[in-house]
$ cat model-v7.csv   # CSV, C-alpha atoms
chain,number,residue,atom,x,y,z
E,7,MET,CA,-228.0,7.8,-192.4
E,8,ALA,CA,-225.1,6.7,-190.3
E,9,GLU,CA,-224.3,3.0,-190.1
E,10,GLU,CA,-222.6,0.7,-187.7
E,11,PHE,CA,-221.8,-3.0,-188.1
E,12,ALA,CA,-220.9,-5.7,-185.7
E,13,ILE,CA,-220.2,-9.4,-185.5
E,14,VAL,CA,-221.1,-11.0,-182.1
E,15,LEU,CA,-220.2,-14.5,-181.1
E,16,ILE,CA,-221.4,-16.5,-178.1
E,17,GLY,CA,-219.1,-19.2,-176.8
E,18,ASP,CA,-216.2,-19.8,-174.5
E,19,PHE,CA,-213.5,-17.2,-174.6
E,20,ASN,CA,-210.3,-16.3,-172.8
E,21,PRO,CA,-210.6,-12.5,-172.8
E,22,LYS,CA,-207.0,-11.8,-171.9
E,23,ILE,CA,-205.8,-13.2,-175.2
E,24,TYR,CA,-207.5,-10.5,-177.3
E,25,GLN,CA,-205.3,-7.5,-176.8
E,26,PRO,CA,-203.7,-5.2,-179.3
E,27,SER,CA,-200.3,-6.8,-179.2
E,28,TRP,CA,-201.7,-10.2,-180.0
E,29,PHE,CA,-203.5,-8.9,-183.1
E,30,ALA,CA,-200.2,-7.2,-184.2
E,31,ASN,CA,-198.1,-10.3,-183.5
E,32,GLN,CA,-200.6,-12.3,-185.7
E,33,ARG,CA,-200.4,-9.7,-188.4
E,34,LEU,CA,-204.1,-9.1,-188.2
E,35,VAL,CA,-203.5,-5.4,-187.7
E,36,ARG,CA,-200.5,-3.1,-188.3
E,37,GLN,CA,-198.1,-2.6,-185.4
E,38,SER,CA,-198.7,1.1,-185.5
E,39,GLU,CA,-202.5,0.5,-185.2
E,40,ALA,CA,-201.9,-1.7,-182.2
E,41,ASP,CA,-199.6,0.8,-180.6
E,42,ALA,CA,-202.2,3.6,-181.0
E,43,ALA,CA,-205.1,1.5,-179.6
E,44,GLU,CA,-207.1,3.0,-176.8
E,45,VAL,CA,-207.3,0.3,-174.1
E,46,GLU,CA,-210.1,0.4,-171.6
E,47,LEU,CA,-209.4,-2.9,-169.8
E,48,ILE,CA,-207.4,-6.1,-170.3
E,49,HIS,CA,-208.4,-8.7,-167.7
E,50,SER,CA,-209.0,-12.4,-167.5
E,51,ASP,CA,-212.7,-11.7,-167.3
E,52,PHE,CA,-213.1,-8.9,-169.8
E,53,THR,CA,-211.1,-7.1,-172.5
E,54,SER,CA,-212.1,-3.8,-174.2
E,55,PHE,CA,-210.1,-1.6,-176.6
E,56,SER,CA,-210.6,0.4,-179.7
E,57,THR,CA,-208.5,1.2,-182.8
E,58,GLU,CA,-209.1,3.6,-185.7
E,59,CYS,CA,-210.9,0.7,-187.4
E,60,PHE,CA,-212.8,-1.3,-184.8
E,61,VAL,CA,-214.0,-1.6,-181.2
E,62,LEU,CA,-213.5,-4.9,-179.5
E,63,GLN,CA,-215.1,-6.3,-176.3
E,64,VAL,CA,-214.6,-9.8,-175.1
E,65,ALA,CA,-216.1,-11.4,-172.0
E,66,ARG,CA,-215.9,-15.1,-171.1
E,67,GLU,CA,-219.1,-15.9,-173.0
E,68,ARG,CA,-219.3,-13.1,-175.5
E,69,PHE,CA,-217.1,-11.7,-178.3
E,70,SER,CA,-218.1,-8.5,-180.0
E,71,MET,CA,-216.3,-6.6,-182.8
E,72,THR,CA,-217.8,-3.4,-184.1
E,73,VAL,CA,-216.9,-0.9,-186.9
E,74,ARG,CA,-218.6,2.5,-187.1
E,75,SER,CA,-218.4,3.1,-190.8
E,76,SER,CA,-219.4,1.2,-193.9
E,77,ALA,CA,-215.8,1.8,-195.2
E,78,PHE,CA,-214.7,-0.9,-192.7
E,79,LYS,CA,-217.3,-3.6,-193.4
E,80,GLN,CA,-214.8,-5.9,-195.2
E,81,GLN,CA,-212.2,-5.3,-192.5
E,82,LEU,CA,-214.7,-6.5,-189.9
E,83,HIS,CA,-215.3,-9.7,-191.7
E,84,ASP,CA,-211.6,-10.3,-192.4
E,85,LEU,CA,-210.6,-9.6,-188.8
E,86,VAL,CA,-213.1,-12.0,-187.3
E,87,VAL,CA,-212.3,-14.7,-189.8
E,88,GLY,CA,-208.6,-14.2,-189.3
E,89,THR,CA,-208.9,-14.3,-185.5
E,90,PHE,CA,-210.9,-17.5,-185.3
E,91,ASN,CA,-208.9,-19.3,-188.0
E,92,LEU,CA,-206.0,-18.8,-185.6
E,93,LEU,CA,-208.2,-19.8,-182.6
E,94,LEU,CA,-210.1,-22.5,-184.4
E,95,HIS,CA,-210.6,-24.6,-181.3
E,96,THR,CA,-212.6,-21.8,-179.6
E,97,PRO,CA,-216.1,-23.3,-178.9
E,98,LEU,CA,-218.9,-21.2,-180.5
E,99,THR,CA,-222.6,-21.7,-180.2
E,100,GLN,CA,-224.3,-18.6,-181.7
E,101,MET,CA,-223.5,-15.7,-184.0
E,102,GLY,CA,-225.1,-12.4,-184.9
E,103,ILE,CA,-224.2,-10.3,-187.9
E,104,ASN,CA,-225.6,-6.9,-186.8
E,105,ALA,CA,-226.2,-3.7,-188.8
E,106,THR,CA,-227.4,-0.5,-187.1
E,107,THR,CA,-228.7,2.5,-189.0
E,108,ARG,CA,-229.0,5.9,-187.3
E,109,LEU,CA,-231.9,8.0,-188.6
E,110,GLN,CA,-232.0,11.8,-188.2
E,111,PHE,CA,-235.5,13.4,-188.4
E,112,ARG,CA,-236.2,17.0,-189.5
E,113,ASN,CA,-238.1,17.9,-186.3
E,114,ASP,CA,-239.9,16.6,-183.3
E,115,THR,CA,-243.1,16.1,-185.2
E,116,ASP,CA,-241.5,13.7,-187.7
E,117,TRP,CA,-239.7,11.8,-185.0
E,118,HIS,CA,-243.0,11.2,-183.1
E,119,ALA,CA,-244.7,10.3,-186.4
E,120,PHE,CA,-242.1,7.5,-186.9
E,121,GLY,CA,-243.0,6.1,-183.5
E,122,HIS,CA,-246.7,6.2,-184.3
E,123,PHE,CA,-245.9,4.5,-187.7
E,124,LEU,CA,-244.2,1.7,-185.8
E,125,VAL,CA,-246.9,1.4,-183.1
E,126,PRO,CA,-250.3,3.0,-183.8
E,127,LYS,CA,-251.6,4.4,-180.6
E,128,SER,CA,-255.4,4.0,-180.8
E,129,GLN,CA,-255.3,0.8,-178.8
E,130,TRP,CA,-253.1,2.3,-176.2
E,131,ALA,CA,-254.6,5.8,-175.7
E,132,PRO,CA,-257.6,4.4,-173.6
E,133,ILE,CA,-255.3,2.7,-171.1
E,134,LEU,CA,-252.1,4.9,-171.0
E,135,HIS,CA,-251.8,8.7,-170.8
E,136,ARG,CA,-249.9,10.0,-173.8
E,137,PRO,CA,-248.5,6.7,-175.0
E,138,GLY,CA,-245.2,6.8,-176.8
E,139,THR,CA,-243.0,4.3,-178.5
E,140,ARG,CA,-239.9,3.5,-176.5
E,141,ALA,CA,-238.7,0.4,-178.4
E,142,VAL,CA,-240.1,-2.2,-180.8
E,143,THR,CA,-238.7,-5.6,-181.6
E,144,VAL,CA,-240.1,-7.7,-184.5
E,145,GLU,CA,-238.6,-11.1,-185.2
E,146,GLY,CA,-238.9,-13.0,-188.5
E,147,VAL,CA,-238.2,-16.6,-189.5
E,148,ARG,CA,-235.1,-17.1,-191.7
E,149,ASP,CA,-235.8,-17.8,-195.4
E,150,ASP,CA,-232.5,-19.6,-196.0
E,151,LYS,CA,-231.0,-23.0,-194.9
E,152,TRP,CA,-229.4,-21.7,-191.7
E,153,PRO,CA,-230.9,-22.1,-188.3
E,154,GLY,CA,-231.7,-18.9,-186.5
E,155,HIS,CA,-233.9,-15.8,-187.0
E,156,VAL,CA,-233.8,-12.1,-188.1
E,157,ALA,CA,-234.8,-9.5,-185.5
E,158,VAL,CA,-235.4,-5.8,-186.2
E,159,ILE,CA,-235.2,-3.4,-183.2
E,160,ALA,CA,-236.3,0.3,-183.5
E,161,GLU,CA,-235.7,2.6,-180.7
E,162,PRO,CA,-234.9,6.3,-179.9
E,163,LEU,CA,-231.2,7.2,-179.7
E,164,ARG,CA,-230.5,8.0,-176.1
E,165,GLY,CA,-229.2,11.5,-175.4
E,166,ALA,CA,-229.9,12.7,-179.0
E,167,ILE,CA,-232.7,14.9,-180.3
E,168,ASN,CA,-235.0,13.6,-183.0
E,169,GLU,CA,-232.9,10.6,-183.8
E,170,ALA,CA,-233.6,6.9,-183.8
E,171,LEU,CA,-231.8,3.6,-184.3
E,172,ILE,CA,-232.9,0.6,-186.4
E,173,ARG,CA,-230.9,-2.5,-185.6
E,174,VAL,CA,-231.0,-5.6,-187.7
E,175,ASN,CA,-229.8,-8.7,-185.9
E,176,ASP,CA,-229.2,-11.5,-188.3
E,177,HIS,CA,-228.9,-14.3,-185.8
E,178,TYR,CA,-227.4,-17.8,-186.5
E,179,ASP,CA,-227.7,-20.7,-184.2
E,180,GLU,CA,-225.5,-23.8,-184.2
E,181,SER,CA,-226.5,-26.5,-186.6
E,182,GLY,CA,-228.2,-29.6,-185.1
E,183,GLU,CA,-225.8,-31.7,-187.2
E,184,LYS,CA,-222.8,-30.4,-185.4
E,185,LYS,CA,-221.7,-31.2,-181.9
E,186,LYS,CA,-222.5,-28.3,-179.7
E,187,GLY,CA,-219.7,-25.8,-179.2
E,188,GLN,CA,-217.1,-28.0,-180.8
E,189,ASP,CA,-215.0,-25.3,-182.5
E,190,SER,CA,-215.2,-22.2,-184.7
E,191,SER,CA,-215.4,-23.9,-188.1
E,192,TYR,CA,-219.2,-23.9,-188.5
E,193,PHE,CA,-219.6,-20.2,-187.9
E,194,LEU,CA,-216.5,-19.4,-190.1
E,195,GLU,CA,-218.4,-21.2,-192.9
E,196,VAL,CA,-221.5,-19.2,-192.2
E,197,LEU,CA,-219.5,-16.0,-192.3
E,198,SER,CA,-217.9,-17.0,-195.6
E,199,GLN,CA,-221.3,-17.8,-197.2
E,200,CYS,CA,-223.6,-15.3,-195.6
E,201,TYR,CA,-221.8,-12.1,-194.6
E,202,ASP,CA,-222.5,-10.0,-197.7
E,203,ALA,CA,-226.0,-11.3,-198.1
E,204,SER,CA,-226.7,-10.6,-194.4
E,205,LEU,CA,-225.7,-6.9,-194.7
E,206,SER,CA,-227.6,-6.6,-198.0
E,207,ARG,CA,-230.7,-8.0,-196.2
E,208,ALA,CA,-230.3,-5.4,-193.5
E,209,ARG,CA,-230.1,-2.6,-196.0
E,210,VAL,CA,-233.3,-3.8,-197.7
E,211,ILE,CA,-235.1,-4.1,-194.4
E,212,VAL,CA,-234.1,-0.5,-193.3
E,213,ASP,CA,-234.8,1.0,-196.7
E,214,GLY,CA,-238.2,-0.7,-196.9
E,215,LEU,CA,-239.2,0.4,-193.5
E,216,VAL,CA,-238.2,4.0,-194.1
E,217,GLU,CA,-239.9,4.0,-197.5
E,218,LYS,CA,-243.2,2.9,-196.0
E,219,TYR,CA,-242.9,5.5,-193.3
E,220,LEU,CA,-242.3,8.3,-195.9
E,221,GLN,CA,-245.3,7.1,-198.0
E,222,GLN,CA,-247.7,7.2,-195.1
E,223,GLY,CA,-249.5,10.6,-194.8
E,224,VAL,CA,-251.5,10.2,-191.6
E,225,PHE,CA,-250.2,8.7,-188.4
E,226,ASP,CA,-252.3,7.2,-185.6
E,227,ASP,CA,-251.3,9.2,-182.5
E,228,GLY,CA,-254.3,8.0,-180.5
E,229,THR,CA,-256.1,11.4,-180.6
E,230,ALA,CA,-258.4,10.8,-183.6
E,231,ASP,CA,-262.2,10.7,-182.9
E,232,ASP,CA,-263.9,7.3,-183.0

$ encode --input "model-v7.csv" --output "structure tokens"
Amino acid sequence: MAEEFAIVLIGDFNPKIYQPSWFANQRLVRQSEADAAEVELIHSDFTSFSTECFVLQVARERFSMTVRSSAFKQQLHDLVVGTFNLLLHTPLTQMGINATTRLQFRNDTDWHAFGHFLVPKSQWAPILHRPGTRAVTVEGVRDDKWPGHVAVIAEPLRGAINEALIRVNDHYDESGEKKKGQDSSYFLEVLSQCYDASLSRARVIVDGLVEKYLQQGVFDDGTADD
């Protein structure tokens, strides 16, 4: 199973700040890493570039940093914390700690069975011809003290054969006790206290879902007789 991790922030950003040279000047990345960065765009409305460690995209209302290997999970945390400790006055209102797992199935039959496991088709077969699962989102209430929710999204991997993605979005809202969008401090505290637990929760969710799928012997594809 391949994994990808991201921290997404919603707030008020100046995209042009977030470029490779700035990260190098602030000693958040090595100068050689900044020099080797692949820049897609640096503009007042949107910045996008990638390094050997991470992919960064910043719009005026959304910051997203992604790593595509579990080996870089800690770097992801440290880079985001380091960035917004320096830019502490950036107003933030929401945060997602996101983990994506890529599943490879042995064949087309197993791939379809996973879709039937997620969404049994008996209720759909009478009203749709050959119903198939395109995407499923299930949201749960948080079981900790932080405002927000946990959402699990399962969907086919576009352009791939017999592969699917399971995304766990551990979403944190701003505390009602804090003035809305005041600065970055609240979400830096959340990251400090919750990052490891969030990724562990995502792993438990994915492992539990896959385990239940593997334990199920018969899948409802909507063709069984009444």

$ residues_near_point --input "model-v7.csv" --point "(-234.1, -23.0, -187.9)" --cutoff "12 Å" --atoms "all atoms listed in the file" --output "mmCIF file with C-alpha atoms, in the frame of the given file"
data_model
loop_
_atom_site.group_PDB
_atom_site.id
_atom_site.type_symbol
_atom_site.label_atom_id
_atom_site.label_comp_id
_atom_site.auth_asym_id
_atom_site.auth_seq_id
_atom_site.Cartn_x
_atom_site.Cartn_y
_atom_site.Cartn_z
ATOM 1 C CA GLY E 146 -238.900 -13.000 -188.500
ATOM 2 C CA VAL E 147 -238.200 -16.600 -189.500
ATOM 3 C CA ARG E 148 -235.100 -17.100 -191.700
ATOM 4 C CA ASP E 149 -235.800 -17.800 -195.400
ATOM 5 C CA ASP E 150 -232.500 -19.600 -196.000
ATOM 6 C CA LYS E 151 -231.000 -23.000 -194.900
ATOM 7 C CA TRP E 152 -229.400 -21.700 -191.700
ATOM 8 C CA PRO E 153 -230.900 -22.100 -188.300
ATOM 9 C CA GLY E 154 -231.700 -18.900 -186.500
ATOM 10 C CA HIS E 155 -233.900 -15.800 -187.000
ATOM 11 C CA VAL E 156 -233.800 -12.100 -188.100
ATOM 12 C CA HIS E 177 -228.900 -14.300 -185.800
ATOM 13 C CA TYR E 178 -227.400 -17.800 -186.500
ATOM 14 C CA ASP E 179 -227.700 -20.700 -184.200
ATOM 15 C CA GLU E 180 -225.500 -23.800 -184.200
ATOM 16 C CA SER E 181 -226.500 -26.500 -186.600
ATOM 17 C CA GLY E 182 -228.200 -29.600 -185.100
#

$ residues_around --input "model-v7.csv" --residues "E:Asp114" --least-positions-apart "3" --cutoff "12 Å" --atoms "only C-alpha atoms" --output "PyMOL selection string"
chain E and resi 110-111+117-121+162+166-170

$ closest_residue --input "model-v7.csv" --among "E:Ala230, E:Ile172, E:Ala12, E:Leu215" --to "E:Ser76" --atoms "all atoms listed in the file"
E:Ala12

$ atom_distance --input "model-v7.csv" --atom1 "atom CA of E:Ala141" --atom2 "atom CA of E:Met101"
22.8 Å

$ closest_residue --input "model-v7.csv" --among "E:Gln63, E:Phe29, E:Trp130, E:Ala105" --to "E:Asp226" --atoms "only C-alpha atoms"
E:Trp130

$ closest_residue --input "model-v7.csv" --among "E:Glu39, E:Leu34, E:Phe90, E:Tyr24" --to "E:Phe52" --atoms "all atoms listed in the file"
E:Tyr24

$ closest_residue --input "model-v7.csv" --among "E:Val224, E:Ala43, E:Leu109, E:Ala30" --to "E:Thr89" --atoms "all atoms listed in the file"
E:Ala30

$ atom_distance --input "model-v7.csv" --atom1 "atom CA of E:Ile103" --atom2 "atom CA of E:Glu10"
11.1 Å

$ atom_distance --input "model-v7.csv" --atom1 "atom CA of E:Gly214" --atom2 "atom CA of E:Val144"
14.4 Å

$ residues_around --input "model-v7.csv" --residues "E:Arg209" --least-positions-apart "3" --cutoff "9 Å" --atoms "only C-alpha atoms" --output "PyMOL selection string"
chain E and resi 105+107+174+204-206+212-214

$ write_last_selection --input "model-v7.csv" --atoms "C-alpha atoms" --output "compact mmCIF listing (two decimals), in the coordinates of the input"
# COMPACT_ATOMS: atom_id res chain seq x y z
CA ALA E 105 -226.20 -3.70 -188.80
CA THR E 107 -228.70 2.50 -189.00
CA VAL E 174 -231.00 -5.60 -187.70
CA SER E 204 -226.70 -10.60 -194.40
CA LEU E 205 -225.70 -6.90 -194.70
CA SER E 206 -227.60 -6.60 -198.00
CA VAL E 212 -234.10 -0.50 -193.30
CA ASP E 213 -234.80 1.00 -196.70
CA GLY E 214 -238.20 -0.70 -196.90

$ closest_residue --input "model-v7.csv" --among "E:Val142, E:Phe11, E:Trp28, E:Thr229" --to "E:Gln129" --atoms "all atoms listed in the file"
E:Thr229

$ closest_residue --input "model-v7.csv" --among "E:Ile159, E:Cys59, E:Ile133, E:Leu171" --to "E:Gln80" --atoms "only C-alpha atoms"
E:Cys59

$ residues_near_point --input "model-v7.csv" --point "(-214.0, -23.6, -183.8)" --cutoff "9 Å" --atoms "only C-alpha atoms" --output "JSON, numbers by chain"
{"E": [90, 91, 93, 94, 95, 96, 97, 98, 187, 188, 189, 190, 191, 192, 193, 194]}

$ residues_around --input "model-v7.csv" --residues "stretch 15-21 of chain E" --least-positions-apart "3" --cutoff "7 Å" --atoms "all atoms listed in the file" --output "PyMOL selection string"
chain E and resi 24+49-53+64-70+96-102
